[in-house]
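Next comes query03.tsv, with TSV, C-alpha atoms.
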```
chain	number	residue	atom	x	y	z
A	28	ARG	CA	43.05	-123.17	55.09
A	29	LYS	CA	45.40	-120.54	53.73
A	30	GLU	CA	43.91	-117.45	52.16
A	31	VAL	CA	45.33	-117.97	48.68
A	32	GLU	CA	47.16	-121.17	47.84
A	33	GLN	CA	49.31	-122.02	44.88
A	34	ASP	CA	51.59	-124.88	43.98
A	35	PRO	CA	55.04	-123.28	44.30
A	36	GLY	CA	56.53	-125.44	41.56
A	37	PRO	CA	58.89	-125.13	39.87
A	38	PHE	CA	57.25	-126.25	36.69
A	39	ASN	CA	59.94	-127.12	34.15
A	40	VAL	CA	58.30	-127.14	30.76
A	41	PRO	CA	59.81	-127.45	27.25
A	42	GLU	CA	59.36	-124.54	24.92
A	43	GLY	CA	56.17	-124.85	22.90
A	44	ALA	CA	54.35	-126.93	25.47
A	45	THR	CA	51.14	-126.07	27.27
A	46	VAL	CA	51.16	-125.55	31.02
A	47	ALA	CA	48.41	-124.86	33.50
A	48	PHE	CA	48.36	-123.58	37.08
A	49	ASN	CA	45.60	-123.52	39.63
A	50	CYS	CA	45.07	-121.32	42.63
A	51	THR	CA	42.53	-121.79	45.42
A	52	TYR	CA	41.14	-119.06	47.63
A	53	SER	CA	39.32	-119.46	50.91
A	54	ASN	CA	37.11	-116.37	51.09
A	55	SER	CA	33.87	-117.00	49.22
A	56	ALA	CA	33.14	-113.25	49.28
A	57	SER	CA	36.07	-112.50	46.99
A	58	GLN	CA	35.04	-110.71	43.82
A	59	SER	CA	38.19	-109.68	41.99
A	60	PHE	CA	40.73	-112.10	40.62
A	61	PHE	CA	43.96	-111.55	38.77
A	62	TRP	CA	47.06	-113.26	37.51
A	63	TYR	CA	50.25	-111.25	37.88
A	64	ARG	CA	53.71	-112.28	36.82
A	65	GLN	CA	56.86	-111.41	38.69
A	66	ASP	CA	60.38	-111.59	37.34
A	67	CYS	CA	63.26	-112.01	39.74
A	68	ARG	CA	63.47	-109.05	42.14
A	69	LYS	CA	61.06	-106.97	40.08
A	70	GLU	CA	57.61	-105.64	40.80
A	71	PRO	CA	54.52	-107.72	40.03
A	72	LYS	CA	52.99	-106.91	36.65
A	73	LEU	CA	49.43	-107.64	35.66
A	74	LEU	CA	49.12	-110.52	33.26
A	75	MET	CA	45.36	-110.65	33.11
A	76	SER	CA	42.20	-110.18	35.11
A	77	VAL	CA	39.99	-113.23	35.55
A	78	TYR	CA	36.33	-112.88	34.66
A	79	SER	CA	33.46	-115.11	35.66
A	80	SER	CA	32.92	-116.39	32.16
A	81	GLY	CA	36.61	-117.07	31.60
A	82	ASN	CA	38.77	-115.00	29.33
A	83	GLU	CA	41.57	-115.33	26.86
A	84	ASP	CA	44.42	-113.04	25.90
A	85	GLY	CA	46.55	-114.45	23.12
A	86	ARG	CA	48.25	-117.57	24.43
A	87	PHE	CA	46.85	-117.11	27.93
A	88	THR	CA	43.48	-118.34	29.17
A	89	ALA	CA	42.09	-117.72	32.64
A	90	GLN	CA	39.15	-119.46	34.25
A	91	LEU	CA	37.22	-118.92	37.46
A	92	ASN	CA	35.33	-121.62	39.31
A	93	ARG	CA	33.37	-119.97	42.12
A	94	ALA	CA	31.77	-123.18	43.36
A	95	SER	CA	35.15	-124.76	44.03
A	96	GLN	CA	36.86	-121.44	44.76
A	97	TYR	CA	39.73	-121.68	42.36
A	98	ILE	CA	41.12	-119.86	39.39
A	99	SER	CA	43.34	-121.26	36.70
A	100	LEU	CA	45.81	-120.02	34.14
A	101	LEU	CA	46.64	-121.88	30.94
A	102	ILE	CA	49.63	-120.92	28.82
A	103	ARG	CA	49.76	-122.36	25.30
A	104	ASP	CA	52.80	-122.53	23.04
A	105	SER	CA	55.05	-121.48	25.89
A	106	LYS	CA	58.04	-119.29	25.15
A	107	LEU	CA	61.35	-118.81	26.94
A	108	SER	CA	60.17	-115.34	27.96
A	109	ASP	CA	57.29	-116.89	29.89
A	110	SER	CA	59.78	-118.02	32.56
A	111	ALA	CA	58.71	-116.16	35.68
A	112	THR	CA	56.75	-116.55	38.89
A	113	TYR	CA	52.99	-116.40	38.40
A	114	LEU	CA	51.06	-114.82	41.24
A	115	CYS	CA	47.42	-115.45	41.98
A	116	VAL	CA	45.82	-112.29	43.38
A	117	VAL	CA	42.43	-112.02	45.05
A	118	ASN	CA	40.57	-109.29	46.86
A	119	TRP	CA	39.78	-110.27	50.43
A	120	GLY	CA	36.20	-109.52	51.28
A	121	ARG	CA	36.25	-105.74	51.09
A	122	ASP	CA	37.78	-104.51	47.92
A	123	ASP	CA	40.56	-102.62	49.67
A	124	LYS	CA	42.49	-105.67	50.77
A	125	ILE	CA	44.08	-107.40	47.82
A	126	ILE	CA	46.26	-110.34	48.66
A	127	PHE	CA	48.73	-112.52	46.83
A	128	GLY	CA	49.46	-116.20	46.72
A	129	LYS	CA	53.05	-117.33	47.13
A	130	GLY	CA	53.38	-117.79	43.40
A	131	THR	CA	54.16	-120.63	41.03
A	132	ARG	CA	57.58	-120.67	39.44
A	133	LEU	CA	57.71	-121.56	35.78
A	134	HIS	CA	60.89	-122.41	33.86
A	135	ILE	CA	60.58	-122.80	30.11
A	136	LEU	CA	63.34	-125.03	28.81
A	137	PRO	CA	64.86	-124.53	25.35
B	15	GLU	CA	51.73	-96.12	30.27
B	16	PRO	CA	51.52	-94.09	33.50
B	17	GLU	CA	53.81	-95.25	36.29
B	18	VAL	CA	53.98	-95.48	40.05
B	19	THR	CA	57.33	-94.07	41.14
B	20	GLN	CA	59.18	-95.13	44.26
B	21	THR	CA	62.25	-93.60	45.88
B	22	PRO	CA	64.83	-94.53	46.85
B	23	SER	CA	65.40	-97.79	45.02
B	24	HIS	CA	67.68	-98.96	47.82
B	25	GLN	CA	67.78	-97.86	51.44
B	26	VAL	CA	70.28	-99.06	54.01
B	27	THR	CA	69.67	-98.21	57.64
B	28	GLN	CA	70.80	-99.17	61.11
B	29	MET	CA	68.48	-101.13	63.38
B	30	GLY	CA	66.40	-98.77	65.49
B	31	GLN	CA	66.50	-95.92	62.98
B	32	GLU	CA	63.46	-94.41	61.34
B	33	VAL	CA	63.00	-94.73	57.59
B	34	ILE	CA	60.56	-93.13	55.20
B	35	LEU	CA	59.82	-94.78	51.90
B	36	ARG	CA	58.32	-92.57	49.26
B	37	CYS	CA	55.90	-93.21	46.46
B	38	VAL	CA	54.23	-91.10	43.82
B	39	PRO	CA	51.08	-92.93	42.70
B	40	ILE	CA	49.51	-92.43	39.30
B	41	SER	CA	47.99	-88.97	39.28
B	42	ASN	CA	44.28	-89.74	38.91
B	43	HIS	CA	44.31	-92.77	41.20
B	44	LEU	CA	42.45	-92.71	44.49
B	45	TYR	CA	43.45	-95.90	46.29
B	46	PHE	CA	46.95	-96.55	47.53
B	47	TYR	CA	48.70	-99.58	48.95
B	48	TRP	CA	51.93	-100.75	50.48
B	49	TYR	CA	53.14	-104.32	50.17
B	50	ARG	CA	56.37	-105.94	51.21
B	51	GLN	CA	58.25	-108.99	49.98
B	52	ILE	CA	60.95	-110.61	52.05
B	53	LEU	CA	63.51	-112.29	49.81
B	54	GLY	CA	62.18	-115.62	48.56
B	55	GLN	CA	58.78	-115.13	50.15
B	56	LYS	CA	55.35	-113.98	49.05
B	57	VAL	CA	54.15	-110.46	48.42
B	58	GLU	CA	52.44	-109.45	51.69
B	59	PHE	CA	49.71	-106.85	52.06
B	60	LEU	CA	50.54	-104.13	54.59
B	61	VAL	CA	47.97	-101.38	54.24
B	62	SER	CA	45.46	-99.70	51.96
B	63	PHE	CA	44.65	-95.99	52.04
B	64	TYR	CA	41.76	-93.99	50.67
B	65	ASN	CA	40.41	-90.52	51.26
B	66	ASN	CA	43.27	-89.69	53.61
B	67	GLU	CA	42.76	-92.59	55.93
B	68	ILE	CA	43.70	-96.23	56.29
B	69	SER	CA	40.97	-98.48	54.94
B	70	GLU	CA	42.54	-101.87	55.66
B	71	LYS	CA	45.71	-103.06	57.36
B	72	SER	CA	47.33	-106.39	58.07
B	73	GLU	CA	48.75	-107.81	61.28
B	74	ILE	CA	52.21	-106.84	60.03
B	75	PHE	CA	51.23	-103.16	60.04
B	76	ASP	CA	51.71	-102.52	63.76
B	77	ASP	CA	52.39	-99.32	65.68
B	78	GLN	CA	55.86	-99.08	64.18
B	79	PHE	CA	54.35	-98.38	60.77
B	80	SER	CA	52.47	-95.36	59.56
B	81	VAL	CA	51.38	-93.99	56.21
B	82	GLU	CA	50.74	-90.49	55.07
B	83	ARG	CA	49.71	-88.57	52.01
B	84	PRO	CA	51.27	-85.23	52.90
B	85	ASP	CA	50.35	-83.49	49.65
B	86	GLY	CA	48.46	-84.25	46.49
B	87	SER	CA	51.12	-86.47	45.00
B	88	ASN	CA	53.24	-88.32	47.55
B	89	PHE	CA	52.31	-91.37	49.57
B	90	THR	CA	54.81	-92.38	52.26
B	91	LEU	CA	55.45	-95.36	54.50
B	92	LYS	CA	57.29	-94.67	57.73
B	93	ILE	CA	58.89	-97.30	59.92
B	94	ARG	CA	59.64	-95.71	63.27
B	95	SER	CA	62.27	-98.01	64.70
B	96	THR	CA	63.48	-100.52	62.17
B	97	LYS	CA	64.18	-104.14	63.05
B	98	LEU	CA	66.32	-106.63	61.22
B	99	GLU	CA	63.18	-108.46	60.09
B	100	ASP	CA	61.94	-105.32	58.32
B	101	SER	CA	64.53	-105.97	55.63
B	102	ALA	CA	62.49	-106.55	52.48
B	103	MET	CA	61.44	-105.08	49.15
B	104	TYR	CA	58.62	-102.62	49.73
B	105	PHE	CA	56.19	-102.06	46.87
B	106	CYS	CA	53.78	-99.19	46.54
B	107	ALA	CA	50.68	-99.67	44.39
B	108	SER	CA	47.71	-97.63	43.31
B	109	ARG	CA	44.42	-98.17	41.58
B	110	ALA	CA	41.93	-95.79	40.07
B	111	ARG	CA	38.68	-96.90	41.60
B	112	GLN	CA	37.13	-99.26	44.07
B	113	GLY	CA	33.96	-101.21	43.58
B	114	ILE	CA	34.78	-101.97	39.96
B	115	ILE	CA	35.41	-105.65	39.76
B	116	ASN	CA	38.91	-106.37	38.53
B	117	GLU	CA	40.14	-102.80	38.70
B	118	LYS	CA	43.85	-103.53	38.51
B	119	LEU	CA	46.71	-102.48	40.73
B	120	PHE	CA	49.69	-100.70	39.30
B	121	PHE	CA	52.95	-101.30	41.15
B	122	GLY	CA	56.06	-99.25	41.57
B	123	SER	CA	59.45	-100.86	41.06
B	124	GLY	CA	60.03	-101.12	44.80
B	125	THR	CA	62.42	-99.94	47.49
B	126	GLN	CA	64.84	-102.54	48.78
B	127	LEU	CA	65.25	-101.85	52.50
B	128	SER	CA	68.23	-103.37	54.27
B	129	VAL	CA	68.37	-103.08	58.05
B	130	LEU	CA	71.81	-103.71	59.54
```
Mind converting the file's structure to structure tokens?
Amino acid sequence: RKEVEQDPGPFNVPEGATVAFNCTYSNSASQSFFWYRQDCRKEPKLLMSVYSSGNEDGRFTAQLNRASQYISLLIRDSKLSDSATYLCVVNWGRDDKIIFGKGTRLHILP
Amino acid sequence: EPEVTQTPSHQVTQMGQEVILRCVPISNHLYFYWYRQILGQKVEFLVSFYNNEISEKSEIFDDQFSVERPDGSNFTLKIRSTKLEDSAMYFCASRARQGIINEKLFFGSGTQLSVL
């Protein structure tokens, strides 16, 4: 099983729609979880951390399911500017090793 | 917002040459990282560094790679003898603390390394 797995997409979604991504991780010792977004040929930028109880930031909601070892990201009322690659990021056992999934590409269609 | 700074933004080198990629992490951060991303592929962990020593490294980070924090501000990645497959975007990152769940990483804008 790969360390961090994501559906690569692309997800082609009309503007205003709701879209959700999942990410699974294989190390049950992982403690820190994040969603980053990456625009083409740019550095990853933090979208949001993922907390055990789930958390929301505006149109974005993140959930963690430790039993099934996955995290999710929900985007409501999607905007053209949401088009990007969304990266699932997990610490690997010890906190010093933070690894990335391959990312899910999202295209918001006008 | 404070930034991680990387130089140069682009580096072209001949196969077999040594390159040094430079990073200035955020000033009060204590943990430093290098990642690379080959075009079209995932962001790959190379190495983490704390208290002047490597704390974790991946299988990619072999004897050809080394990191250094020569002074209080710079954090460098050296590739001793570059190969064609080292061509990638190299990202430096830093974080303030360890042991705090969800302490986020801040990334620099990357150095695009092209090995000819």
Q.
List as a PyMOL selection string the residues having at least one atom at most 7 Å from position (59.5, -124.8, 41.4) as given in the file, counting only C-alpha atoms.
A. chain A and resi 35-38+131-133
Q: Provide as a PyMOL selection string the residues of chain B at most 12 Å from chain A, counting all atoms listed in the file.
A: chain B and resi 17-20+23+44-64+68-72+102-126
Q) Rounded to one decimal in Å, what is the spacing between CA of Gly43 (chain A) and CA of Ser108 (chain A)? A)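 Value for the CA of Gly43 (chain A)-CA of Ser108 (chain A) distance: 11.5 Å.
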(Q) For Arg93 (chain A), find every residue with an atom within 10 Å (counting only C-alpha atoms), except residues of its own chain fewer than 2 positions away, and show them as an MDAnalysis selection string. (A) chainID A and resid 51:52 55:58 79 90:91 95:98
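In this model, the gap between CA of Phe89 (chain B) and CA of Trp119 (chain A) comes to 22.7 Å.
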For region 84-94 of chain A, I'd like the enclosing box, axis-aligned and padded by 3 Å on every side, reported as JSON with centre and edge lengths in Å to one decimal.
```
{"center_x": 40.0, "center_y": -118.1, "center_z": 33.2, "size_x": 22.5, "size_y": 16.1, "size_z": 26.2}
```
Q.
Show me, as a PyMOL selection string, the residues that have an atom within 12 Å of Pro41 (chain A) when counting only C-alpha atoms, minus same-chain residues fewer than 5 positions from it.
A. chain A and resi 46+103-107+109-110+133-137
Q.
Residues within 12 Å of Asp77 (chain B), please, as a PyMOL selection string. Count only C-alpha atoms; anything in the same chain fewer than 5 positions from it doesn't count.
A. chain B and resi 71-72+92-96
**Q.** Pairwise distance for CA of Leu100 (chain A) and CA of Asn39 (chain A), rounded to one decimal in Å
**A.** 15.8 Å
Q. Hey, which of B:Val38, B:Glu73, B:Val26, B:Gln31 ends up closest to Asp85 (chain B)? Count only C-alpha atoms.
A.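 Selected residue with least distance to Asp85 (chain B): B:Val38.
Taking all atoms listed in the file, the non-local environment of Ile34 (chain B) within 10 Å (same-chain residues fewer than 5 positions away omitted) comprises B:Thr21, B:Pro22, B:Gln25, B:Phe79, B:Ser80, B:Val81, B:Thr90, B:Leu91, B:Lys92, B:Ile93, B:Arg94.
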